[in-house]
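For reference, model-v3.cif is printed below; it contains mmCIF, C-alpha atoms.
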data_model
#
loop_
_atom_site.label_atom_id
_atom_site.label_comp_id
_atom_site.auth_asym_id
_atom_site.auth_seq_id
_atom_site.Cartn_x
_atom_site.Cartn_y
_atom_site.Cartn_z
CA MET V 190 -129.93 5.07 -38.43
CA PRO V 191 -127.55 3.92 -35.66
CA PRO V 192 -126.14 0.38 -35.97
CA LYS V 193 -127.88 -2.37 -34.05
CA LYS V 194 -126.28 -3.40 -30.77
CA GLY V 195 -125.85 -6.98 -31.94
CA LYS V 196 -123.84 -5.94 -34.95
CA ALA V 197 -121.73 -3.59 -32.89
CA ALA V 198 -120.98 -6.35 -30.40
CA GLY V 199 -120.08 -8.73 -33.22
CA GLY V 200 -117.78 -6.17 -34.77
CA GLY V 201 -116.07 -5.63 -31.43
CA LYS V 202 -115.51 -9.35 -30.99
CA LYS V 203 -113.97 -9.66 -34.43
CA ALA V 204 -111.72 -6.72 -33.73
CA LYS V 205 -110.47 -8.34 -30.52
CA GLU V 206 -109.88 -11.64 -32.31
CA ALA V 207 -107.95 -9.86 -35.03
CA GLU V 208 -105.89 -8.04 -32.41
CA ALA V 209 -105.11 -11.29 -30.58
CA ALA V 210 -104.13 -12.97 -33.86
CA ALA V 211 -101.82 -10.10 -34.71
CA ALA V 212 -100.21 -10.27 -31.27
CA ALA V 213 -99.68 -14.03 -31.61
CA LEU V 214 -98.11 -13.55 -35.03
CA ALA V 215 -95.81 -10.89 -33.61
CA ARG V 216 -94.72 -13.29 -30.83
CA VAL V 217 -94.04 -16.02 -33.39
CA THR V 218 -91.90 -13.64 -35.43
CA GLN V 219 -90.06 -12.46 -32.33
CA LEU V 220 -89.37 -16.01 -31.13
CA LYS V 221 -88.07 -17.04 -34.55
CA GLU V 222 -85.75 -14.04 -34.53
CA LEU V 223 -84.66 -15.00 -31.02
CA ARG V 224 -83.89 -18.56 -32.14
CA THR V 225 -81.85 -17.33 -35.09
CA ALA V 226 -80.00 -14.73 -33.03
CA TYR V 227 -79.16 -17.23 -30.29
CA ALA V 228 -77.69 -19.71 -32.76
CA ALA V 229 -75.57 -16.94 -34.30
CA GLN V 230 -74.34 -15.64 -30.92
CA CYS V 231 -73.44 -19.13 -29.71
CA LYS V 232 -71.38 -19.60 -32.87
CA PHE V 233 -69.72 -16.22 -32.39
CA PHE V 234 -68.80 -16.90 -28.73
CA VAL V 235 -67.90 -20.55 -29.41
CA ALA V 236 -70.54 -21.83 -27.03
CA GLU V 237 -72.96 -24.72 -27.22
CA PRO V 238 -76.63 -23.62 -27.24
CA LEU V 239 -78.23 -24.37 -23.87
CA PRO V 240 -80.75 -27.19 -24.38
CA SER V 241 -83.22 -25.70 -21.88
CA LEU V 242 -83.53 -22.43 -23.80
CA VAL V 243 -83.66 -24.09 -27.22
CA LYS V 244 -86.39 -26.45 -25.99
CA ARG V 245 -88.38 -23.57 -24.51
CA ILE V 246 -88.31 -21.61 -27.78
CA GLU V 247 -89.34 -24.65 -29.82
CA THR V 248 -92.12 -25.53 -27.38
CA GLU V 249 -93.63 -22.07 -27.63
CA LEU V 250 -93.42 -22.02 -31.43
CA LYS V 251 -95.25 -25.37 -31.63
CA SER V 252 -97.92 -24.49 -29.08
CA ALA V 253 -101.41 -25.12 -30.43
CA ASP V 254 -102.79 -22.27 -28.34
CA GLY V 255 -100.26 -19.81 -29.68
CA PRO V 256 -96.85 -18.94 -28.24
CA GLU V 257 -96.26 -17.16 -24.97
CA ASP V 258 -93.46 -14.72 -24.28
CA ILE V 259 -90.35 -16.14 -22.63
CA ASP V 260 -90.51 -13.92 -19.58
CA LYS V 261 -88.37 -16.17 -17.36
CA LEU V 262 -84.94 -17.59 -18.10
CA ILE V 263 -84.34 -20.60 -15.81
CA LEU V 264 -80.91 -22.27 -15.75
CA SER V 265 -80.26 -25.02 -13.21
CA GLN V 266 -77.51 -27.47 -12.30
CA MET V 267 -74.92 -26.61 -14.89
CA SER V 268 -71.65 -24.78 -15.32
CA LEU V 269 -71.87 -21.50 -17.20
CA ASN V 270 -68.66 -20.29 -18.83
CA PRO V 271 -68.28 -16.70 -20.09
CA GLY V 272 -69.23 -17.72 -23.63
CA ASP V 273 -72.52 -19.19 -22.41
CA VAL V 274 -73.44 -16.00 -20.59
CA TYR V 275 -72.31 -13.63 -23.34
CA SER V 276 -74.28 -15.53 -25.98
CA LEU V 277 -77.37 -15.37 -23.77
CA THR V 278 -77.14 -11.70 -22.83
CA THR V 279 -76.33 -10.46 -26.33
CA THR V 280 -79.26 -12.48 -27.69
CA MET V 281 -81.64 -11.06 -25.09
CA ASN V 282 -80.51 -7.45 -25.52
CA ALA V 283 -83.37 -6.67 -27.88
CA TYR V 284 -85.93 -8.92 -26.15
CA SER V 285 -88.09 -6.77 -23.87
CA ALA V 286 -90.40 -9.56 -22.62
CA LEU V 287 -87.76 -10.97 -20.24
CA THR V 288 -88.62 -10.14 -16.60
CA GLY V 289 -86.73 -12.73 -14.56
CA ILE V 290 -83.39 -14.59 -14.59
CA TYR V 291 -83.14 -17.65 -12.35
CA ILE V 292 -79.75 -19.36 -12.09
CA TRP V 293 -79.79 -22.16 -9.53
CA ARG V 294 -76.88 -24.40 -8.53
CA ALA V 295 -74.90 -23.36 -11.55
CA LYS V 296 -71.30 -22.23 -11.28
CA VAL V 297 -70.93 -18.81 -12.90
CA ASP V 298 -67.46 -17.64 -13.93
CA ILE V 299 -66.47 -14.12 -12.82
CA LYS V 300 -66.40 -12.98 -16.46
CA GLY V 301 -69.86 -14.41 -16.88
CA LEU V 302 -71.05 -12.36 -13.91
CA GLU V 303 -69.52 -9.28 -15.50
CA ALA V 304 -71.50 -9.95 -18.69
CA LEU V 305 -74.67 -10.47 -16.66
CA ALA V 306 -74.08 -7.20 -14.81
CA ASN V 307 -73.62 -5.29 -18.07
CA PHE V 308 -76.85 -6.76 -19.40
CA LEU V 309 -78.96 -6.05 -16.31
CA THR V 310 -77.81 -2.46 -15.90
CA SER V 311 -79.21 -1.71 -19.36
CA HIS V 312 -82.25 -3.97 -19.22
CA PRO V 313 -84.74 -2.47 -16.72
CA THR V 314 -87.50 -4.95 -17.58
CA VAL V 315 -85.74 -7.66 -15.53
CA ALA V 316 -87.28 -7.40 -12.08
CA THR V 317 -86.11 -10.70 -10.56
CA LEU V 318 -82.59 -12.12 -10.29
CA HIS V 319 -81.78 -15.41 -8.59
CA LEU V 320 -78.15 -16.49 -8.22
CA MET V 321 -78.55 -19.41 -5.83
CA ASP V 322 -75.59 -21.63 -4.99
CA CYS V 323 -73.49 -20.27 -7.85
CA GLN V 324 -70.21 -20.32 -5.88
CA ILE V 325 -70.04 -16.53 -5.87
CA THR V 326 -67.33 -15.28 -3.52
CA ALA V 327 -66.51 -11.85 -2.13
CA VAL V 328 -64.23 -11.18 -5.10
CA ALA V 329 -66.98 -11.88 -7.62
CA ALA V 330 -69.54 -9.93 -5.57
CA LYS V 331 -68.31 -6.68 -7.12
CA HIS V 332 -70.34 -7.51 -10.23
CA VAL V 333 -73.49 -8.03 -8.16
CA GLN V 334 -72.68 -4.66 -6.59
CA THR V 335 -72.66 -3.13 -10.08
CA ILE V 336 -76.14 -4.52 -10.66
CA CYS V 337 -77.45 -3.17 -7.36
CA ARG V 338 -75.81 0.21 -7.83
CA SER V 339 -77.08 0.80 -11.37
CA SER V 340 -80.32 -1.13 -11.82
CA THR V 341 -83.57 0.80 -11.96
CA GLY V 342 -85.83 -2.23 -12.45
CA LEU V 343 -84.60 -4.98 -10.12
CA LYS V 344 -87.18 -5.68 -7.40
CA SER V 345 -86.09 -9.08 -6.08
CA LEU V 346 -82.53 -10.34 -5.53
CA LEU V 347 -81.77 -13.83 -4.20
CA MET V 348 -78.17 -14.79 -3.38
CA ASP V 349 -78.73 -17.82 -1.13
CA HIS V 350 -76.00 -20.42 -0.53
CA ASN V 351 -73.08 -18.41 -1.90
CA PRO V 352 -69.90 -18.09 0.24
CA LEU V 353 -70.01 -14.31 0.26
CA GLY V 354 -68.91 -13.80 3.84
CA ALA V 355 -69.05 -10.41 5.53
CA GLU V 356 -66.93 -8.83 2.81
CA GLY V 357 -69.14 -9.97 -0.06
CA ILE V 358 -72.33 -8.99 1.76
CA GLY V 359 -70.82 -5.59 2.50
CA VAL V 360 -69.90 -5.04 -1.14
CA ILE V 361 -73.43 -5.85 -2.35
CA PHE V 362 -75.22 -3.73 0.26
CA ALA V 363 -72.90 -0.83 -0.50
CA GLY V 364 -74.24 -1.00 -4.04
CA ILE V 365 -77.81 -0.95 -2.75
CA GLN V 366 -77.00 1.97 -0.50
CA ASP V 367 -75.41 3.96 -3.34
CA ASN V 368 -78.37 3.63 -5.71
CA PRO V 369 -80.87 6.49 -5.23
CA ALA V 370 -83.08 5.05 -7.99
CA THR V 371 -83.26 1.51 -6.58
CA VAL V 372 -86.65 -0.22 -6.53
CA LEU V 373 -85.39 -3.35 -4.76
CA GLN V 374 -88.11 -4.74 -2.50
CA ARG V 375 -86.89 -8.20 -1.52
CA GLY V 376 -83.40 -9.41 -0.69
CA SER V 377 -82.45 -12.95 0.30
CA PHE V 378 -78.99 -13.84 1.59
CA ARG V 379 -79.61 -17.13 3.34
CA TYR V 380 -76.61 -19.31 4.22
CA CYS V 381 -73.98 -16.91 2.87
CA GLU V 382 -71.46 -17.31 5.72
CA ALA V 383 -72.13 -13.76 6.89
CA THR V 384 -70.36 -12.92 10.16
CA PRO V 385 -71.26 -10.08 12.57
CA ALA V 386 -69.41 -7.48 10.50
CA ALA V 387 -71.93 -8.03 7.70
CA ALA V 388 -74.73 -6.75 9.93
CA ASP V 389 -73.22 -3.26 10.02
CA SER V 390 -73.17 -3.06 6.20
CA ILE V 391 -76.73 -4.31 6.04
CA GLY V 392 -77.86 -1.86 8.71
CA CYS V 393 -76.21 1.12 7.02
CA ALA V 394 -78.03 0.30 3.78
CA LEU V 395 -81.37 -0.16 5.57
CA ALA V 396 -80.96 3.16 7.33
CA VAL V 397 -81.14 5.07 4.04
CA ASN V 398 -83.16 2.64 1.92
CA ALA V 399 -86.85 3.36 1.31
CA THR V 400 -87.85 0.37 -0.83
CA ILE V 401 -86.85 -2.93 0.82
CA THR V 402 -89.80 -4.58 2.55
CA GLU V 403 -88.45 -8.12 3.04
CA LEU V 404 -84.97 -9.28 4.02
CA GLN V 405 -83.97 -12.91 4.54
CA LEU V 406 -80.73 -13.58 6.42
CA ASP V 407 -81.39 -17.09 7.75
CA GLY V 408 -78.55 -19.50 8.43
CA ASN V 409 -75.69 -17.04 8.81
CA PHE V 410 -73.30 -16.25 11.68
CA LEU V 411 -74.54 -12.79 12.71
CA GLY V 412 -74.76 -13.79 16.38
CA ASP V 413 -75.39 -11.40 19.25
CA ALA V 414 -72.71 -9.02 18.00
CA GLY V 415 -74.38 -8.76 14.60
CA LEU V 416 -77.79 -8.28 16.16
CA GLY V 417 -76.42 -5.36 18.14
CA LEU V 418 -74.98 -3.75 15.01
CA LEU V 419 -78.24 -4.27 13.12
CA SER V 420 -80.38 -2.74 15.86
CA ARG V 421 -78.39 0.51 15.72
CA HIS V 422 -79.87 1.26 12.32
CA MET V 423 -83.36 -0.22 12.63
CA ARG V 424 -85.01 2.95 13.91
CA SER V 425 -83.89 4.86 10.82
CA ASN V 426 -85.77 2.53 8.47
CA ALA V 427 -89.44 3.10 7.65
CA THR V 428 -90.20 0.40 5.05
CA LEU V 429 -88.95 -3.01 6.25
CA GLN V 430 -91.88 -5.32 6.99
CA SER V 431 -90.39 -8.84 7.23
CA LEU V 432 -87.01 -9.76 8.71
CA TYR V 433 -85.74 -13.35 8.78
CA LEU V 434 -82.94 -14.06 11.28
CA ALA V 435 -83.47 -17.78 11.86
CA ALA V 436 -80.46 -19.93 12.80
CA ASN V 437 -78.02 -17.06 13.30
CA GLN V 438 -76.41 -18.15 16.59
CA ILE V 439 -78.25 -15.49 18.58
CA SER V 440 -78.15 -16.55 22.23
CA ASN V 441 -78.96 -13.44 24.30
CA ARG V 442 -75.43 -12.95 25.55
CA ASN V 443 -73.03 -10.06 25.50
CA PRO V 444 -70.61 -10.93 22.67
CA PRO V 445 -66.84 -11.18 23.20
CA PRO V 446 -64.53 -8.47 21.80
CA ALA V 447 -64.49 -8.39 18.01
CA SER V 448 -60.90 -9.63 17.91
CA SER V 449 -61.87 -12.87 19.64
CA LEU V 450 -64.83 -13.77 17.45
CA VAL V 451 -64.41 -17.20 15.90
CA ALA V 452 -64.52 -17.25 12.12
CA PRO V 453 -67.11 -19.54 10.52
CA GLY V 454 -65.79 -22.98 9.74
CA SER V 455 -62.97 -22.94 12.29
CA THR V 456 -64.33 -24.28 15.58
CA SER V 457 -67.98 -23.26 15.44
CA SER V 458 -70.52 -25.60 13.89
CA LEU V 459 -72.80 -24.72 11.01
CA PRO V 460 -76.26 -23.52 12.00
CA PHE V 461 -79.10 -25.90 11.34
CA GLN V 462 -81.66 -25.01 8.72
CA PRO V 463 -85.05 -24.08 10.19
CA SER V 464 -88.07 -26.02 9.09
CA SER V 465 -91.29 -24.33 8.07
CA SER V 466 -93.32 -27.12 9.66
CA HIS V 467 -95.64 -26.46 12.59
CA ASN V 468 -96.59 -23.18 10.90
CA GLY V 469 -93.67 -21.31 12.37
CA ARG V 470 -93.59 -23.24 15.65
CA MET V 471 -90.35 -25.16 15.76
CA VAL V 472 -89.06 -27.74 18.18
CA GLY V 473 -85.43 -26.81 18.55
CA GLY V 474 -84.43 -30.03 20.21
CA GLY V 475 -84.44 -30.88 23.86
CA GLY V 476 -87.14 -30.03 26.35
CA GLY V 477 -89.23 -26.94 26.16
CA GLY V 478 -87.67 -25.60 29.33
CA GLY V 479 -84.15 -26.82 28.66
CA GLY V 480 -82.98 -23.55 27.22
CA GLY V 481 -84.47 -21.63 30.08
CA GLY V 482 -82.61 -23.64 32.69
CA ALA V 483 -79.31 -23.10 30.94
CA ALA V 484 -79.91 -19.40 30.64
CA ALA V 485 -80.78 -19.02 34.30
CA SER V 486 -77.41 -20.39 35.43
CA ASP V 487 -75.33 -18.83 32.70
CA PRO V 488 -73.15 -15.88 33.81
CA PHE V 489 -73.79 -14.27 30.43
CA ALA V 490 -77.58 -14.61 30.72
CA ALA V 491 -79.40 -11.45 29.74
CA PRO V 492 -81.09 -9.17 32.25
CA LEU V 493 -84.81 -8.79 31.83
CA SER V 494 -85.89 -5.60 30.16
CA THR V 495 -88.46 -3.51 32.01
CA PHE V 496 -90.10 -1.97 28.92
CA SER V 497 -93.79 -2.69 29.08
CA ALA V 498 -97.05 -2.13 27.31
CA ALA V 499 -98.33 0.05 30.09
CA THR V 500 -95.52 2.57 29.66
CA ALA V 501 -95.15 2.52 25.88
CA THR V 502 -94.32 6.02 24.67
CA PRO V 503 -95.13 7.69 21.36
CA LEU V 504 -93.02 6.62 18.43
CA GLY V 505 -89.75 8.44 18.02
CA THR V 506 -89.59 9.44 21.67
CA SER V 507 -89.27 6.07 23.37
CA GLN V 508 -86.72 5.83 26.14
CA VAL V 509 -86.76 2.14 26.95
CA SER V 510 -85.26 1.51 30.36
CA MET V 511 -83.54 -1.77 31.13
CA THR V 512 -82.73 -2.90 34.59
CA THR V 513 -79.91 -5.31 35.22
CA PRO V 514 -79.91 -7.94 37.96
CA THR V 515 -77.05 -7.69 40.39
CA GLY V 516 -73.93 -9.37 39.10
CA SER V 517 -74.97 -9.56 35.44
CA SER V 518 -73.03 -8.06 32.58
CA GLY V 519 -75.49 -5.39 31.38
CA ALA V 520 -78.04 -5.07 28.61
CA THR V 521 -77.58 -7.59 25.83
CA PRO V 522 -77.85 -6.99 22.08
CA LEU V 523 -81.14 -8.92 22.12
CA SER V 524 -82.61 -6.64 24.78
CA ARG V 525 -81.62 -3.55 22.78
CA PHE V 526 -82.94 -5.09 19.57
CA CYS V 527 -86.28 -5.95 21.18
CA ALA V 528 -86.59 -2.45 22.58
CA THR V 529 -85.93 -0.93 19.16
CA VAL V 530 -88.36 -3.22 17.33
CA ALA V 531 -91.06 -2.73 19.96
CA THR V 532 -91.38 1.03 19.56
CA ASP V 533 -89.01 2.39 16.92
CA ALA V 534 -89.60 0.04 13.97
CA PRO V 535 -93.37 0.41 13.52
CA THR V 536 -93.49 -0.98 9.97
CA LEU V 537 -91.93 -4.34 10.90
CA THR V 538 -94.76 -6.90 11.04
CA PHE V 539 -92.88 -10.21 10.93
CA LEU V 540 -89.68 -11.42 12.63
CA ASP V 541 -88.27 -14.94 12.35
CA LEU V 542 -86.01 -15.90 15.26
CA ARG V 543 -86.33 -19.68 15.02
CA GLY V 544 -83.20 -21.71 15.57
CA ASN V 545 -81.75 -19.14 17.98
CA HIS V 546 -81.69 -20.51 21.50
CA VAL V 547 -82.28 -17.46 23.69
CA GLY V 548 -83.55 -19.30 26.76
CA ASP V 549 -86.20 -18.04 29.17
CA ALA V 550 -84.50 -14.68 29.67
CA GLY V 551 -84.53 -14.01 25.94
CA ALA V 552 -88.11 -15.24 25.70
CA GLU V 553 -89.13 -12.70 28.34
CA LEU V 554 -87.61 -9.95 26.21
CA ILE V 555 -89.52 -11.12 23.14
CA LEU V 556 -92.74 -11.36 25.15
CA GLU V 557 -92.37 -7.80 26.46
CA MET V 558 -91.59 -6.59 22.95
CA LEU V 559 -94.85 -8.08 21.72
CA LYS V 560 -96.80 -6.58 24.62
CA SER V 561 -95.42 -3.14 23.83
CA ARG V 562 -96.21 -3.51 20.15
CA LYS V 563 -99.76 -4.64 20.95
CA ALA V 564 -100.28 -1.49 23.02
CA LEU V 565 -99.00 0.68 20.17
CA LEU V 566 -101.24 -1.21 17.76
CA ALA V 567 -104.24 -0.45 19.96
CA ALA V 568 -103.20 3.21 19.95
CA LYS V 569 -102.86 3.07 16.13
CA GLN V 570 -99.19 4.04 16.35
CA ALA V 571 -97.74 0.86 14.86
CA GLU V 572 -98.59 -2.26 12.89
CA GLY V 573 -99.10 -5.64 14.53
CA LEU V 574 -96.04 -7.87 14.95
CA VAL V 575 -95.67 -11.66 14.70
CA VAL V 576 -92.47 -13.32 15.97
CA TRP V 577 -91.62 -16.94 15.22
CA VAL V 578 -89.50 -18.60 17.90
CA THR V 579 -88.02 -22.02 18.63
CA GLU V 580 -89.64 -24.06 21.39
CA ARG V 581 -86.52 -24.15 23.53
CA MET V 582 -87.92 -22.15 26.41
CA SER V 583 -90.52 -22.74 29.10
CA GLU V 584 -93.87 -23.91 27.77
CA ASP V 585 -95.62 -21.02 29.52
CA LEU V 586 -93.48 -18.38 27.77
CA PHE V 587 -93.78 -20.14 24.42
CA GLU V 588 -97.57 -20.21 24.66
CA LYS V 589 -97.78 -16.57 25.78
CA ILE V 590 -95.68 -15.49 22.80
CA TRP V 591 -97.98 -17.37 20.45
CA GLU V 592 -101.09 -15.95 22.08
CA LEU V 593 -99.82 -12.46 21.31
CA ASN V 594 -98.83 -13.55 17.79
CA ASP V 595 -102.35 -14.81 17.17
CA ALA V 596 -103.86 -11.66 18.64
CA MET V 597 -101.89 -9.42 16.28
CA ALA V 598 -101.99 -11.65 13.17
CA GLY V 599 -105.42 -10.29 12.26
CA SER V 600 -104.08 -6.74 12.07
CA GLY V 601 -102.18 -7.43 8.87
CA ALA V 602 -99.06 -8.97 10.40
CA LYS V 603 -97.87 -12.29 8.93
CA LYS V 604 -100.07 -15.13 10.13
CA GLY V 605 -98.32 -18.06 11.72
CA GLY V 606 -101.33 -20.38 11.67
CA LYS V 607 -101.32 -21.43 15.29
CA GLY V 608 -103.02 -24.76 14.66
CA GLY V 609 -103.34 -27.40 17.34
CA LYS V 610 -101.45 -27.36 20.61
CA LYS V 611 -98.34 -29.51 20.71
CA GLY V 612 -97.13 -31.55 23.57
CA LYS V 613 -93.76 -30.99 25.16
CA LYS V 614 -90.89 -32.82 23.49
#
So, in terms of structure tokens, how does the structure I just supplied come out?
Amino acid sequence: MPPKKGKAAGGGKKAKEAEAAAAALARVTQLKELRTAYAAQCKFFVAEPLPSLVKRIETELKSADGPEDIDKLILSQMSLNPGDVYSLTTTMNAYSALTGIYIWRAKVDIKGLEALANFLTSHPTVATLHLMDCQITAVAAKHVQTICRSSTGLKSLLMDHNPLGAEGIGVIFAGIQDNPATVLQRGSFRYCEATPAAADSIGCALAVNATITELQLDGNFLGDAGLGLLSRHMRSNATLQSLYLAANQISNRNPPPASSLVAPGSTSSLPFQPSSSHNGRMVGGGGGGGGGGAAASDPFAAPLSTFSAATATPLGTSQVSMTTPTGSSGATPLSRFCATVATDAPTLTFLDLRGNHVGDAGAELILEMLKSRKALLAAKQAEGLVVWVTERMSEDLFEKIWELNDAMAGSGAKKGGKGGKKGKK
């Protein structure tokens, strides 16, 4: 006679409870071993146990609901010497539950970075690494390069607020470029003092990379020269979806010769940090049309591009023509970038250009880029595109850009949340 359903269900429930109890017991055993190993490693490397980690282990062991795995290691506002890092990494070598390391505003010695690199290259379960404001320079960046070149599990890398400069950025992206097994999806290098030369290293990596979908470069010094270098490689990338270029001194001008570019910190001022208020709509200071007036009288003002939605060509065959008003200095990096994004970067669905004062001429380029992308979207040849801009242009152009943003947001592009209309400032 087959067993009754009620008994079978009861037996199944007991089996699940027994399995959960066994798993909890295994976690308790593992955490106790972790506590013992950490104390031993700290003693070996002559380092004081980090209170945050000790507290986390004790909290989990005393949890009435049973312990949870320590999947995230969060270290903030401290100074980590090599002994601290070595004791941590050697303790965690046999701990497979760790998936993320978050080090924020903590100075990390170069030897400590070396220890971290050795650990991460042999620990593929760690998918997230944050090294924010850790005073990492171009010299120390070689250890981050080792991580990027060898890791097969890292999916998210955040290096914000480190003085890497163009050299440090180049070293790290060379590591990304050299790793055929990379699974990196998100990179953030905000406020890293990256000059135009960094854009070429970034572009070269993007040209061959098939995994990165989001790249944040806000608050650097890429400028028009860097935008031009970046646009050279954009058409070779088929995975990037979100690109953040806010506050990068992009002004829609033809840049001076490379030899005359001013280094960050000498005579140029630091870029302001964009706010996320207004749902992507930012007041950049001054009147809405102030930037447009300046651009109209500026000898370096960009010519208007003539690429349009009506003449959008199939992807991969676009020949965007740009006419130049008499007396102007030719197509600008912004005009070339907009032409590339419009038709040759079909996967890009979000672009942040806030904090870059491109004036009315630059706004026209962005507007035409959106019109071309909307036509390709209608023809099912590209994804929708949303572009966040600063309100330092004519109100009419600003509103037209946002109308197109709203029209394409429903296609899967990043939504800006238009919200209520704002008055002119």
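As for CA of Asn368 in chain V and CA of Ala531 in chain V, they are spaced 29.3 Å apart.
Between CA of Asp413 in chain V and CA of Asn441 in chain V the separation is 6.5 Å.
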Could you state which residues are captured by the PyMOL selection byres ((chain V and resi 345-347) around 8) in this file, as a ChimeraX atom specification? /V:316-321,343-344,348-349,373-378
Using only C-alpha atoms, the residue out of V:Thr428, V:Ser311, V:Asn351, V:Ser583 with shortest distance to Thr278 in chain V is V:Ser311
Starting from the shown file, work through the PyMOL selection byres ((chain V and resi 233) around 12) and note down what comes out as a PyMOL selection string. chain V and resi 226-232+234-238+272-273+275-277+279-280
What does the file look like for those residues with C-alpha atoms, as a CSV table (one decimal), in the frame of the given file?
chain,number,residue,atom,x,y,z
V,226,ALA,CA,-80.0,-14.7,-33.0
V,227,TYR,CA,-79.2,-17.2,-30.3
V,228,ALA,CA,-77.7,-19.7,-32.8
V,229,ALA,CA,-75.6,-16.9,-34.3
V,230,GLN,CA,-74.3,-15.6,-30.9
V,231,CYS,CA,-73.4,-19.1,-29.7
V,232,LYS,CA,-71.4,-19.6,-32.9
V,234,PHE,CA,-68.8,-16.9,-28.7
V,235,VAL,CA,-67.9,-20.6,-29.4
V,236,ALA,CA,-70.5,-21.8,-27.0
V,237,GLU,CA,-73.0,-24.7,-27.2
V,238,PRO,CA,-76.6,-23.6,-27.2
V,272,GLY,CA,-69.2,-17.7,-23.6
V,273,ASP,CA,-72.5,-19.2,-22.4
V,275,TYR,CA,-72.3,-13.6,-23.3
V,276,SER,CA,-74.3,-15.5,-26.0
V,277,LEU,CA,-77.4,-15.4,-23.8
V,279,THR,CA,-76.3,-10.5,-26.3
V,280,THR,CA,-79.3,-12.5,-27.7
Write out as an MDAnalysis selection string each polymer residue whose atoms come within 12 Å of Ser390 in chain V, counting only C-alpha atoms; drop sequence neighbours fewer than 2 positions from it. chainID V and resid 354:366 383:388 392:397 411 415 418:419 421:422
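For range 519-527 of chain V, the list of residues within 6 Å, based on all atoms listed in the file and with local chain neighbours fewer than 4 positions off taken out, reads Asp413, Gly417, Ser420, Asn441, Arg442, Asn443, Ala491, Thr513, Ala531 and Met558 of chain V.
Computed from the coordinates, the CA of Asn307 in chain V to CA of Val274 in chain V distance equals 11.0 Å.
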Can you patch up range 355-359 of chain V, filling it in to all heavy atoms, and show the result as a PDB file, in the frame of the given file?
ATOM      1  N   ALA V 355     -68.743 -11.798   5.173  1.00  0.00           N
ATOM      2  CA  ALA V 355     -69.050 -10.410   5.530  1.00  0.00           C
ATOM      3  C   ALA V 355     -68.597  -9.440   4.445  1.00  0.00           C
ATOM      4  O   ALA V 355     -69.264  -8.449   4.156  1.00  0.00           O
ATOM      5  CB  ALA V 355     -68.397 -10.052   6.867  1.00  0.00           C
ATOM      6  N   GLU V 356     -67.470  -9.734   3.829  1.00  0.00           N
ATOM      7  CA  GLU V 356     -66.930  -8.830   2.810  1.00  0.00           C
ATOM      8  C   GLU V 356     -67.850  -8.769   1.588  1.00  0.00           C
ATOM      9  O   GLU V 356     -68.179  -7.688   1.082  1.00  0.00           O
ATOM     10  CB  GLU V 356     -65.537  -9.283   2.387  1.00  0.00           C
ATOM     11  CG  GLU V 356     -64.879  -8.356   1.364  1.00  0.00           C
ATOM     12  CD  GLU V 356     -63.508  -8.843   0.922  1.00  0.00           C
ATOM     13  OE1 GLU V 356     -63.010  -9.841   1.492  1.00  0.00           O
ATOM     14  OE2 GLU V 356     -62.940  -8.232  -0.005  1.00  0.00           O
ATOM     15  N   GLY V 357     -68.269  -9.933   1.107  1.00  0.00           N
ATOM     16  CA  GLY V 357     -69.140  -9.970  -0.060  1.00  0.00           C
ATOM     17  C   GLY V 357     -70.498  -9.325   0.207  1.00  0.00           C
ATOM     18  O   GLY V 357     -71.022  -8.579  -0.632  1.00  0.00           O
ATOM     19  N   ILE V 358     -71.056  -9.607   1.383  1.00  0.00           N
ATOM     20  CA  ILE V 358     -72.330  -8.990   1.760  1.00  0.00           C
ATOM     21  C   ILE V 358     -72.178  -7.474   1.820  1.00  0.00           C
ATOM     22  O   ILE V 358     -73.028  -6.715   1.342  1.00  0.00           O
ATOM     23  CB  ILE V 358     -72.799  -9.514   3.135  1.00  0.00           C
ATOM     24  CG1 ILE V 358     -73.156 -10.998   3.055  1.00  0.00           C
ATOM     25  CG2 ILE V 358     -73.976  -8.711   3.655  1.00  0.00           C
ATOM     26  CD1 ILE V 358     -74.425 -11.315   2.339  1.00  0.00           C
ATOM     27  N   GLY V 359     -71.061  -7.023   2.395  1.00  0.00           N
ATOM     28  CA  GLY V 359     -70.820  -5.590   2.500  1.00  0.00           C
ATOM     29  C   GLY V 359     -70.720  -4.913   1.148  1.00  0.00           C
ATOM     30  O   GLY V 359     -71.242  -3.816   0.939  1.00  0.00           O
TER      31      GLY V 359
END
